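All remarks here apply to the structure that follows.
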Amino acid sequence: MKQLKIVFAGTPEFAAIILDSLEKSKHQVIAVMTQPDRASGRGLKVLPSLVKQKALMMDIPILQPTSLKLDGAFATEALIAKTQIESLEFDVMIVAAYGLILPKWLLSLVEEKNDLGCINVHASLLPRWRGAAPIHRAIWAGDEQTGTCIMKMAQGLDTGPIIAQETMLIQSLDTTETLHDRLASQGARVLIEVLDRLAKHEKFELIEQDQSGITYAEKIRKEEAKIEWNQEAHQIDRQIRALNPSPGAFTTLNQELVKIWLSENISHRWEKNQISQPGEILEVDDYGISVAGNHGVVRLLEVQKAGSKKMSASQFVKNMQLKPGQVFQ
């Protein structure tokens, strides 16, 4: 089996997990593309992406163009990147959560090297949840399953044909964080299976995406993080788990901000006549804090008071001296 030479493009943790798996495979990553270092956190310290950090540890050459558009605001940077990529001897380009649009010139360049062109690893069962936040949106929508698609990239947002895919069940206590890690590992494994087949010159049957099933996973906005307790309990539960680890769902109690990190829908344990106003604490015990939604009850399992660390709901109850009848706003 031929050892494939790979150019890898990615930026966040999802991509870093895949890069790590590629480095441990039979194939060779010869260059990494990632987004420029950016300021983040409270101190706005300029930090490299997780993919760049991983590439530095692996001693892999790194390209960080601001854009790849030859006619855009950063045309000079794009032209330099184009020259650098054209000078590389590689077989395939892998893209995972890169964050920059790949222009036609790059897609065409890579397609000349192999039949699959640029290969993208996407954390959903396309065409459902094209776009920036597929894991968040799958949990928030109450999807029972998701998965990983290995896709041949085309112009447009996640529009290319499917090379391979694998499903994964979404568990009742899954958060974006827990599901993210499983999907990244799954994506890396399925990707390497595809690369091994490509190295053996096997033929692939590409499957065009079903146009009737398209949904878009819009980027999560900070204003979506506030819990509206007049929603149904299952909607509140999904919101909380979808927004963990970032930005974190929040509410207020006695005019103090409280972040909610983990919950479960326990509506089946309550009769309708036991439920009062939305946001009211109905019960506190060692299992958590049971709070009324507009219909149903959600139990809070992990919470965080402003200026404190995350803690179990039972510990929060003791620290805050919570009692039934208090109301989250």
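In the structure tokens, chains take letters A, B, ... by order of appearance, with residues numbered from 1 within each chain and ligands from 1 in the order shown.
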Taking only residues of range 92-150 of chain A that have an atom at most 12 Å from an atom of range 194-214 of chain A, what is each one's shortest atom pair and its distance in Å to one decimal, using only C-alpha atoms, in chain and number order, as CSV?
residue,atom,partner,partner_atom,distance
A:Val92,CA,A:Leu195,CA,8.9
A:Met93,CA,A:Leu195,CA,10.7
A:Ile94,CA,A:Leu195,CA,9.9
A:Lys113,CA,A:Leu198,CA,11.7
A:Asn114,CA,A:Leu198,CA,8.6
A:Asp115,CA,A:Phe204,CA,9.0
A:Leu116,CA,A:Phe204,CA,8.5
A:Gly117,CA,A:Leu198,CA,11.1
A:Cys118,CA,A:Leu195,CA,11.9
A:Ile119,CA,A:Leu195,CA,9.6
A:Asn120,CA,A:Val194,CA,11.4
A:Val121,CA,A:Val194,CA,11.1
A:Ser124,CA,A:Ile214,CA,11.5
A:Leu125,CA,A:Gln209,CA,9.9
A:Leu126,CA,A:Gln209,CA,6.8
A:Pro127,CA,A:Ile214,CA,4.8
A:Arg128,CA,A:Ile214,CA,5.2
A:Trp129,CA,A:Ile214,CA,7.1
A:Arg130,CA,A:Ile214,CA,7.4
A:Gly131,CA,A:Ile214,CA,10.7
A:Cys149,CA,A:Gln209,CA,10.9
A:Ile150,CA,A:Val194,CA,8.2
Q: May I have the residues within 6 Å of range 241-247 of chain A as a VMD selection string, using only C-alpha atoms and disregarding those fewer than 4 positions away in the same chain?
A: chain A and resid 136 139 to 140 175 to 177 261 to 262
Q) Which polymer residues have any atom within 7 Å of an atom of range 50-62 of chain A, counting only C-alpha atoms, with same-chain residues fewer than 2 positions away left out, as a PyMOL selection string? A) chain A and resi 10-13+15-16+30-34+48+64
(Q) Need the shell around Val327 in chain A: protein/DNA/RNA residues with any atom at most 6 Å away, counting only C-alpha atoms. Skip same-chain ones fewer than 5 positions apart. Format as a PyMOL selection string? (A) chain A and resi 279-281
Same residues, C-alpha atoms, output as a PDB file, in the first residue's frame:
ATOM      1  CA  GLY A 279     -38.567  28.684  36.452  1.00  0.00           C
ATOM      2  CA  GLU A 280     -39.867  27.693  39.899  1.00  0.00           C
ATOM      3  CA  ILE A 281     -37.733  25.292  41.929  1.00  0.00           C
TER       4      ILE A 281
END
(Q) Report as an NGL selection string all protein, DNA and RNA residues lying within 12 Å of range 223-230 of chain A, evaluated on only C-alpha atoms, omitting residues in the same chain fewer than 2 positions from it. (A) :A and (136-137 or 140 or 218-221 or 232-253 or 257-261 or 276-281 or 291-298 or 327-329)
Q | Residue with smallest distance to Phe316 in chain A - pool A:Ile80, A:Leu301, A:Leu70, A:Leu183, counting only C-alpha atoms | A | A:Leu301
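Residues in contact with Thr146 in chain A at 8 Å, where only C-alpha atoms are counted and same-chain residues fewer than 6 positions away are skipped, are listed as Ala123, Ser124, Leu125, Ala138, Thr167, Met168, Leu169 and Ile170 of chain A.
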Q.
If I take CA of Tyr287 in chain A and CA of Gly325 in chain A, how far is one from the other in Å, to one decimal?
A.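 A separation of 17.7 Å between them.
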Q: Enumerate the residues of range 138-323 of chain A with a DSSP assignment of helix (DSSP H, G or I), computed from the backbone, and present them as JSON, numbers by chain.
A: {"A": [138, 139, 140, 176, 177, 178, 179, 180, 181, 182, 183, 184, 185, 186, 187, 188, 189, 190, 191, 192, 193, 194, 195, 196, 197, 198, 199, 211, 212, 213, 222, 223, 224, 225, 233, 234, 235, 236, 237, 238, 239, 240, 241, 242, 267, 268, 269, 272, 273, 274, 313, 314, 315, 316, 317, 318, 319, 320]}
